[in-house]
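Working notes, structure below.
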Amino acid sequence: MTQTQLEIIHPDGTVSFVTLDPARGITNIGQAPENDLVLHGHGIAEFHAILDHRESKFRLTLLCESPLTVDGKQVAGLGTTTLGAWSTIEIDGHTLMVVSGASPAAPGRPSAAPAAPLPRETAVAPAAPDAAAPQPSAGPAPEIGAPEWRGTRPADTRDETLIADMEEREWTLDVEQSASMTVHVANGGPIVATLDVTLVGIPHEWVTITPPQLNLYEGQGGAVTITITPPRHYTSRAGEHHFAVMITSPNYPGRSSQLGATLTINPFHAFTVTELDPKDQTARGRRPRGTAKFHIANKGNGVDQFRLEALDPQRACTFEFEVPGEGGETLVLAQQAEMRLPPAETFVVPVHVSPTRRPFIALRKERHSYSVNVNLLAEDQIPRTLLGEVKVRPRIGPGLLILILLSLIALIVLIFRPRIYEFTASDTEIDVGQEIALTYRTSKFARRWIETDQNTRISLETPEDGYVDMPTSDTLYTLRVENLLSELVPFLSPSWDPILVDVMPLEPRIRAFTVDHNAIVAGQTIVLRWDVVNADGVVLSTNGQEQTLAPAEYVSERELTLGEPTNFTLRATNQYGGQAVASLSVRVDPPTPTPLPVPAIQRFTVAPQEVTAGENVTLTWEVEQATSVQILGQDYPPNGSTVQTLNEPGVVEFVLIALYDDESGVQSPSRRQSAAVRVTVREKPTPTPEPVQPEIADFRAIPEEVVMGSGATVQLVWSINGETTDVELFGPTIGTLNKLLNQGSLPITVDAATFFILTAYNGELSDSATVEIAVIEPTPTLPPPAPEPIIQFFEAEPVDDPDDVIEIEGSGLSRKYEVVYNAKVNFRWSVLNVEQVALAAGEDTSNRAPTGELATIIRAPVNYQLIATNAEGVTRYAFIEIVLRALSVPPAPQNLNGPGGSLAAGTPLTLTWTYNPNYVDNIIGFRIYRANTSDGIFNRLGDESQLPNTARSWLDPSPACGQVYYVSAVYLDLDNNKQETEPSPNRWYSWPCTTAAH
């Protein structure tokens, strides 16, 4: 099967093919990976063009302002261009050509072998990454002609039934010219026949046969015109092409005639040459040499000879070409070379450029321009010239010169740059009147001095010495060193950390201020001692009464007798404005009365210590030296017991408080003792529910009378309320039927009067009901009864998800389904022979068509009953019971997040979160909670009324520091009550509150 392909010659000379998909009809071209054909280049847009190949004439639509070339003419701007046969498209160095025929790599169509292997970069498919050497192109190079007559014209084979003749057998023409021939055929058989004329050995795209078949009577003849037009393409190989004209007929199987002929195609010449790569380069190495390469592609239909020549105007370079030689070896030829190139082949030609001279000292590279001429040795071929440039570095260039200059500058800076090697002080904290010694060491070639923050400048004569100063206040000393070099280049000035000397003024100091007893009984004596230095005045204050002490008493003590609590304050001052204060207190207690007894708890027990809610515990205690005890707020004697009933589950703590009452009205904590005992209260076990007697709500026969001998069908219908363990139906004609459903129906054929008993059991409890069927004499004149209603089916099916509805029980026209909460269920039914159909859902009943369906959303358990009644009132029933599947709790929201960094106070902040999209329909909204990180008490700030299930963010209008947030989702349970999911797994904290420094 033939295919239409797009041949691409890339800028590096490689060739590839893309098959045009006839099903799509269009091919997108551009840099973006979404295109069908991806090309790379600076001048190629993301979506550059569209090739429309749905019709015989292809159209190219430009999608951008970047130009391209079609058949040598530039196309720019948005628009559509119609392509002719074998049109060539050029886009930023890429050459595209439409090729009609079999796949380029199809078997049985070998390429013409090259004269000798040359280095080339040609590819139909990506080359293997470990290819050791360039390989010949896999592009199409078909040799036209059938294998049976390869190299010779096929012999004529004539059949007496399929008669054929052709006068001219040889043609010589150029590509895109046409050769026409006339083939005379005749039907030599005994029947009317269809004769088919085809060509073998020539591509069918070149051939036009008019008409391709003839319908001829016996002995009738006709003529067929064949036109051959080889395209201007390398597949139209120059030389002889032998082919055969075949005449066949489906009316004469196995018969054929063959006429041999030869078509000679004259050669045409065309080639492309890429630019030198690289065009501009620098020769490197001890003997400078550069290498550039270019690609030559033979676009003609025959093997062509090329001559290569390299020149430079200054004659300052030598050139070498690497071309193939005989036997597969590679030849290196100087200045010029010749090479042969088969059609459809691309070769890579390396050119080595060697400058013959190299400057010794220069500030820049020496440039040499050169050209490479490529000549196709054929008539009327214009040579192509490739321009290049090679640069050669001087032996001593600008880099080395700059390096020498920088080295000299660095040496000058290293020798003459001013430096500080040492700058220290003997002490940095002194008292007023003390001296400080500053020591320094600097470089020799500099001026040096010491500056103070008191605007004092101290000149230093020697590079290494010391200086003594006596500051009276805090002083900052800075050592400065500079010379001419640092004045010209300021950043060369040395720096050293300045020295800060703290000058401490004399402060009064209270070295001791003590009392031998901090607490005494009224009338006792204490000793007060003190020691004060650096003071000019000392004042002793006793309960606010001040007394100035003489200098001789700055270190002294006093013995004092106290009758009340006393506070002492000692304050010292001096001439520098300093002050020191010390205080102490002495507690004076009244005389201690006779000590009162302290209660002692000897025993306090509670038994038992683990009970069930509603049970009693006994409390027993024994206490000595107490007037009473308290338990649960009630007073009891010091020894005794009591019984308490515990009704609430949990842990109950009984605390016994023993008291001693001295009748003063004040209960001192020292006369209280307590003890505690904990009791665990378990929940009462849930009692087993008593079985409830089932109730037969409905049991009847439809109809209750039948005609004797009619063999009528009676429908037994029943409905039972409550739980059942078995439902039993008994009748003389049917025996006993067990395990029936609570709601159901059963058709019975009745010929005589009979009865039926229905019994519902729930364990040992039961309920029974009886129906009787009477038989009446037949009335001969009665019209035939209306056909009974027939319920063909009554069923439920899911609307959205097949797993939403599952049938768990089914018997006849009674079915039971388990349905997911909030699922949409479709009820379907079909009834025959009815006047009326009713559908009952719970307490609601509505009339329906005999065949129909009803879609509804299930949010509660419900029973559906289909009631079908015919014209005579005969009714049939079908039942569906709907139970709800247990509701699964939706997941919690995820990824709670807020703004990064701290925010200004009062700036609103926005919280965001994500939620699983598979559960969005199962929730109704979200709730936001916030708490202070200090107490952890969360308050709800937003709920589902503000945040529906589509919300994913919330704005806190009044944020504060030190807050923590979480979010939860809200859903409805089976009773339609709102419930919350688990909180979001992560919590988000606002910026922390700042703490004042102490």
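Just remember, in the structure tokens the first chain shown is A, the second B, etc., residues are 1-based per chain, and ligands are 1-based in the order shown.
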
Polymer residues at most 8 Å from segment 740-756 of chain A, only C-alpha atoms, same-chain spacing of 4 or more positions, as a PyMOL selection string: chain A and resi 706-721+724+726-732+770-775+813-814+877-879

Near-segment 275-280 of chain A list (8 Å; only C-alpha atoms; drop same-chain fewer than 6 positions) as JSON, numbers by chain: {"A": [292, 293, 294, 295, 386, 387, 388, 389, 390, 391]}

Between atom CA of Glu683 of chain A and atom CA of Glu648 of chain A, distance in Å (one decimal): 7.9 Å

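Here the question is which of A:Asn939, A:Ser984, A:Gln220, A:Ser541 gets nearest to Thr914 of chain A using only C-alpha atoms, and that residue is A:Ser984.
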
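Contact shell of segment 965-970 of chain A at 8 Å (only C-alpha atoms; same-chain neighbours under 6 positions omitted): Pro891, Ala892, Pro893, Leu896, Ile923, Ile924, Gly925, Phe926, Arg927, Ile928, Tyr929, Arg930, Ala931, Glu944, Lys978, Gln979, Glu980, Thr981, Glu982, Pro983, Ser984, Asn986, Arg987, Trp988 and Tyr989 of chain A.
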
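With atom CA of Trp991 of chain A on one side and atom CA of Gln946 of chain A on the other, the separation reads 25.4 Å.
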
Distance query Val183 of chain A at most 10 Å, only C-alpha atoms, self and fewer than 5 positions along chain excluded, as a PyMOL selection string: chain A and resi 164-168+197+222-226+245+247+259

Those in segment 771-993 of chain A with strand (DSSP E or B) from DSSP, as a PyMOL selection string: chain A and resi 771-776+790-798+805-811+814-819+823-832+836-841+844-848+851-858+862-869+875-884+894-897+909-914+925-932+938-942+948+953-956+963-972+978-980+988-989

Within 12 Å of Asp427 of chain A using only C-alpha atoms, minus same-chain residues under 2 positions, as a list in words: Thr424, Ala425, Glu429, Ile430, Asp431, Gln434, Glu435, Ile436, Ala437, Leu438, Thr439, Val468, Asp469, Met470, Ile499, Leu500, Val501, Asp502 and Val503 of chain A

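Shortest atom-to-atom contact with Glu795 of chain A among A:Tyr821, A:Trp86, A:Trp829, A:Phe17: A:Trp829, counting only C-alpha atoms.
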
Considering only C-alpha atoms, return as a compact mmCIF listing (two decimals) with N, CA, C and O atoms, in the first residue's frame whatever protein or nucleic-acid residues lie within 10 Å of segment 842-856 of chain A, sequence-local ones (same chain, fewer than 2 positions apart) excluded.
# COMPACT_ATOMS: atom_id res chain seq x y z
N ILE A 791 -48.76 -8.09 35.84
CA ILE A 791 -47.60 -7.23 36.12
C ILE A 791 -46.37 -7.95 35.59
O ILE A 791 -45.91 -8.95 36.16
N GLN A 792 -45.87 -7.44 34.45
CA GLN A 792 -44.71 -8.10 33.83
C GLN A 792 -43.45 -7.93 34.69
O GLN A 792 -42.68 -8.87 34.86
N PHE A 793 -43.23 -6.71 35.17
CA PHE A 793 -42.09 -6.50 36.07
C PHE A 793 -42.32 -5.21 36.84
O PHE A 793 -43.05 -4.32 36.42
N PHE A 794 -41.71 -5.15 38.01
CA PHE A 794 -41.67 -3.95 38.85
C PHE A 794 -40.33 -3.98 39.57
O PHE A 794 -40.10 -4.82 40.43
N GLU A 795 -39.41 -3.10 39.16
CA GLU A 795 -38.04 -3.19 39.65
C GLU A 795 -37.45 -1.79 39.84
O GLU A 795 -38.01 -0.80 39.35
N ALA A 796 -36.34 -1.75 40.53
CA ALA A 796 -35.62 -0.49 40.79
C ALA A 796 -34.21 -0.63 40.24
O ALA A 796 -33.61 -1.71 40.28
N GLU A 797 -33.66 0.50 39.74
CA GLU A 797 -32.31 0.50 39.19
C GLU A 797 -31.63 1.82 39.52
O GLU A 797 -32.30 2.85 39.68
N PRO A 798 -30.28 1.82 39.64
CA PRO A 798 -29.57 3.08 39.94
C PRO A 798 -29.56 3.99 38.72
O PRO A 798 -29.60 3.53 37.58
N VAL A 799 -29.45 5.30 38.98
CA VAL A 799 -29.38 6.29 37.91
C VAL A 799 -27.94 6.72 37.67
O VAL A 799 -27.50 6.82 36.52
N ASN A 822 -29.29 9.32 49.76
CA ASN A 822 -29.25 10.46 48.83
C ASN A 822 -28.97 10.00 47.40
O ASN A 822 -28.64 10.83 46.55
N ALA A 823 -29.11 8.70 47.12
CA ALA A 823 -28.91 8.21 45.76
C ALA A 823 -30.20 8.38 44.96
O ALA A 823 -31.31 8.38 45.50
N LYS A 824 -30.03 8.53 43.65
CA LYS A 824 -31.17 8.67 42.74
C LYS A 824 -31.52 7.30 42.18
O LYS A 824 -30.67 6.61 41.61
N VAL A 825 -32.79 6.89 42.39
CA VAL A 825 -33.25 5.55 42.01
C VAL A 825 -34.37 5.69 41.00
O VAL A 825 -35.26 6.55 41.14
N ASN A 826 -34.34 4.84 39.97
CA ASN A 826 -35.38 4.84 38.93
C ASN A 826 -36.22 3.57 39.08
O ASN A 826 -35.70 2.46 39.06
N PHE A 827 -37.55 3.74 39.31
CA PHE A 827 -38.49 2.63 39.42
C PHE A 827 -39.14 2.42 38.05
O PHE A 827 -39.67 3.36 37.45
N ARG A 828 -39.12 1.17 37.57
CA ARG A 828 -39.66 0.82 36.26
C ARG A 828 -40.72 -0.26 36.42
O ARG A 828 -40.58 -1.14 37.27
N TRP A 829 -41.77 -0.18 35.60
CA TRP A 829 -42.82 -1.20 35.65
C TRP A 829 -43.45 -1.34 34.28
O TRP A 829 -43.36 -0.46 33.42
N SER A 830 -44.10 -2.49 34.10
CA SER A 830 -44.87 -2.76 32.89
C SER A 830 -46.04 -3.66 33.27
O SER A 830 -45.84 -4.72 33.88
N VAL A 831 -47.29 -3.20 32.94
CA VAL A 831 -48.52 -3.92 33.33
C VAL A 831 -49.39 -4.07 32.09
O VAL A 831 -49.52 -3.14 31.28
N LEU A 832 -50.03 -5.25 31.95
CA LEU A 832 -50.95 -5.53 30.84
C LEU A 832 -52.36 -5.73 31.37
O LEU A 832 -52.58 -6.06 32.54
N ASN A 833 -53.36 -5.49 30.52
CA ASN A 833 -54.79 -5.77 30.79
C ASN A 833 -55.31 -4.97 31.98
O ASN A 833 -55.90 -5.52 32.90
N VAL A 834 -55.05 -3.69 32.02
CA VAL A 834 -55.49 -2.88 33.15
C VAL A 834 -56.24 -1.65 32.67
O VAL A 834 -56.07 -1.19 31.54
N GLU A 835 -57.15 -1.19 33.54
CA GLU A 835 -57.82 0.09 33.35
C GLU A 835 -57.08 1.17 34.12
O GLU A 835 -57.08 2.33 33.74
N GLN A 836 -56.44 0.79 35.21
CA GLN A 836 -55.82 1.77 36.10
C GLN A 836 -54.62 1.14 36.78
O GLN A 836 -54.63 -0.03 37.16
N VAL A 837 -53.54 1.96 36.92
CA VAL A 837 -52.33 1.56 37.64
C VAL A 837 -52.03 2.64 38.67
O VAL A 837 -52.04 3.83 38.34
N ALA A 838 -51.83 2.22 39.90
CA ALA A 838 -51.49 3.17 40.97
C ALA A 838 -50.15 2.76 41.58
O ALA A 838 -49.86 1.57 41.70
N LEU A 839 -49.38 3.77 41.98
CA LEU A 839 -48.10 3.55 42.64
C LEU A 839 -48.18 4.18 44.01
O LEU A 839 -48.38 5.39 44.14
N ALA A 840 -48.04 3.35 45.05
CA ALA A 840 -48.10 3.83 46.43
C ALA A 840 -46.68 3.84 46.99
O ALA A 840 -45.98 2.83 46.94
N ILE A 858 -33.63 8.92 47.26
CA ILE A 858 -33.97 8.17 48.46
C ILE A 858 -33.20 8.75 49.65
O ILE A 858 -31.97 8.79 49.64
N ARG A 859 -33.97 9.20 50.66
CA ARG A 859 -33.35 9.71 51.88
C ARG A 859 -33.91 9.03 53.13
O ARG A 859 -33.58 9.43 54.23
N PRO A 861 -36.01 5.01 54.53
CA PRO A 861 -36.58 3.72 54.15
C PRO A 861 -38.05 3.90 53.76
O PRO A 861 -38.79 4.67 54.40
N VAL A 862 -38.49 3.21 52.75
CA VAL A 862 -39.87 3.35 52.28
C VAL A 862 -40.25 2.08 51.52
O VAL A 862 -39.39 1.40 50.96
N ASN A 863 -41.57 1.77 51.54
CA ASN A 863 -42.12 0.63 50.79
C ASN A 863 -42.93 1.15 49.62
O ASN A 863 -43.73 2.08 49.76
N TYR A 864 -42.70 0.58 48.45
CA TYR A 864 -43.44 0.94 47.25
C TYR A 864 -44.35 -0.22 46.86
O TYR A 864 -43.94 -1.39 46.94
N GLN A 865 -45.58 0.11 46.46
CA GLN A 865 -46.55 -0.92 46.06
C GLN A 865 -47.16 -0.51 44.72
O GLN A 865 -47.65 0.61 44.56
N LEU A 866 -47.07 -1.41 43.74
CA LEU A 866 -47.68 -1.18 42.43
C LEU A 866 -49.03 -1.91 42.41
O LEU A 866 -49.08 -3.13 42.64
N ILE A 867 -50.12 -1.17 42.15
CA ILE A 867 -51.48 -1.73 42.19
C ILE A 867 -52.05 -1.65 40.79
O ILE A 867 -52.23 -0.56 40.23
N ALA A 868 -52.31 -2.81 40.18
CA ALA A 868 -52.84 -2.88 38.81
C ALA A 868 -54.27 -3.44 38.87
O ALA A 868 -54.49 -4.53 39.40

Contacts of segment 288-290 of chain A at 10 Å (only C-alpha atoms; same-chain gap of 2+ positions) as an NGL selection string: :A and (278 or 280-286 or 292 or 317-319 or 351-358 or 389-393)

With N, CA, C and O atoms retained, export the selected residues as a compact mmCIF listing (two decimals), in the first residue's frame.
# COMPACT_ATOMS: atom_id res chain seq x y z
N PRO A 278 31.53 25.71 12.54
CA PRO A 278 31.07 27.08 12.76
C PRO A 278 31.60 28.02 11.69
O PRO A 278 32.65 27.78 11.10
N ASP A 280 32.49 31.17 12.41
CA ASP A 280 33.49 31.99 13.08
C ASP A 280 34.08 31.15 14.21
O ASP A 280 33.35 30.68 15.08
N GLN A 281 35.41 30.94 14.19
CA GLN A 281 36.02 30.11 15.20
C GLN A 281 37.43 30.60 15.51
O GLN A 281 37.98 31.43 14.77
N THR A 282 37.97 30.10 16.59
CA THR A 282 39.33 30.44 17.01
C THR A 282 40.21 29.21 16.87
O THR A 282 39.88 28.14 17.40
N ALA A 283 41.33 29.38 16.14
CA ALA A 283 42.29 28.27 15.99
C ALA A 283 43.03 28.07 17.29
O ALA A 283 43.48 29.03 17.93
N ARG A 284 43.19 26.81 17.69
CA ARG A 284 43.78 26.50 18.98
C ARG A 284 44.96 25.53 18.80
O ARG A 284 45.13 24.90 17.75
N GLY A 285 45.74 25.39 19.88
CA GLY A 285 46.85 24.45 19.90
C GLY A 285 48.18 25.13 19.68
O GLY A 285 48.28 26.34 19.40
N ARG A 286 49.23 24.35 19.88
CA ARG A 286 50.58 24.90 19.64
C ARG A 286 50.74 25.30 18.19
O ARG A 286 51.37 26.31 17.88
N ALA A 292 35.99 23.31 10.43
CA ALA A 292 34.58 23.60 10.16
C ALA A 292 34.05 22.50 9.26
O ALA A 292 34.82 21.76 8.63
N CYS A 317 46.59 31.31 5.27
CA CYS A 317 46.07 30.06 5.83
C CYS A 317 46.29 28.94 4.84
O CYS A 317 46.35 29.16 3.61
N THR A 318 46.37 27.74 5.35
CA THR A 318 46.36 26.54 4.52
C THR A 318 45.09 25.76 4.84
O THR A 318 44.57 25.84 5.96
N PHE A 319 44.58 25.00 3.83
CA PHE A 319 43.30 24.31 3.97
C PHE A 319 43.48 22.85 3.60
O PHE A 319 44.26 22.50 2.70
N VAL A 351 36.58 20.66 6.90
CA VAL A 351 37.60 21.55 6.33
C VAL A 351 38.50 22.00 7.48
O VAL A 351 38.03 22.61 8.44
N HIS A 352 39.79 21.71 7.40
CA HIS A 352 40.75 22.10 8.42
C HIS A 352 41.46 23.37 7.96
O HIS A 352 42.02 23.43 6.86
N VAL A 353 41.42 24.41 8.80
CA VAL A 353 42.01 25.71 8.48
C VAL A 353 43.17 25.93 9.44
O VAL A 353 42.99 25.90 10.67
N SER A 354 44.38 26.19 8.88
CA SER A 354 45.58 26.38 9.70
C SER A 354 46.22 27.72 9.33
O SER A 354 46.76 27.87 8.21
N PRO A 355 46.14 28.76 10.22
CA PRO A 355 46.85 30.01 9.94
C PRO A 355 48.36 29.76 9.91
O PRO A 355 48.91 29.00 10.71
N THR A 356 49.05 30.41 8.93
CA THR A 356 50.49 30.18 8.77
C THR A 356 51.34 31.11 9.61
O THR A 356 52.54 30.88 9.77
N ARG A 357 50.77 32.18 10.17
CA ARG A 357 51.55 33.07 11.02
C ARG A 357 50.73 33.39 12.27
O ARG A 357 49.50 33.39 12.25
N ARG A 358 51.49 33.71 13.33
CA ARG A 358 50.86 34.00 14.62
C ARG A 358 51.59 35.17 15.27
O ARG A 358 52.81 35.11 15.46
N GLU A 389 35.42 32.49 8.89
CA GLU A 389 36.46 33.32 9.50
C GLU A 389 37.13 32.52 10.61
O GLU A 389 36.45 31.85 11.40
N VAL A 390 38.47 32.63 10.65
CA VAL A 390 39.24 31.96 11.68
C VAL A 390 40.10 33.01 12.37
O VAL A 390 40.64 33.91 11.72
N LYS A 391 40.18 32.92 13.69
CA LYS A 391 40.97 33.86 14.47
C LYS A 391 42.08 33.08 15.17
O LYS A 391 41.90 31.93 15.56
N VAL A 392 43.23 33.79 15.35
CA VAL A 392 44.36 33.16 16.02
C VAL A 392 44.83 34.10 17.12
O VAL A 392 44.95 35.32 16.93
N ARG A 393 45.07 33.54 18.27
CA ARG A 393 45.50 34.33 19.41
C ARG A 393 47.00 34.67 19.29
O ARG A 393 47.80 33.85 18.84
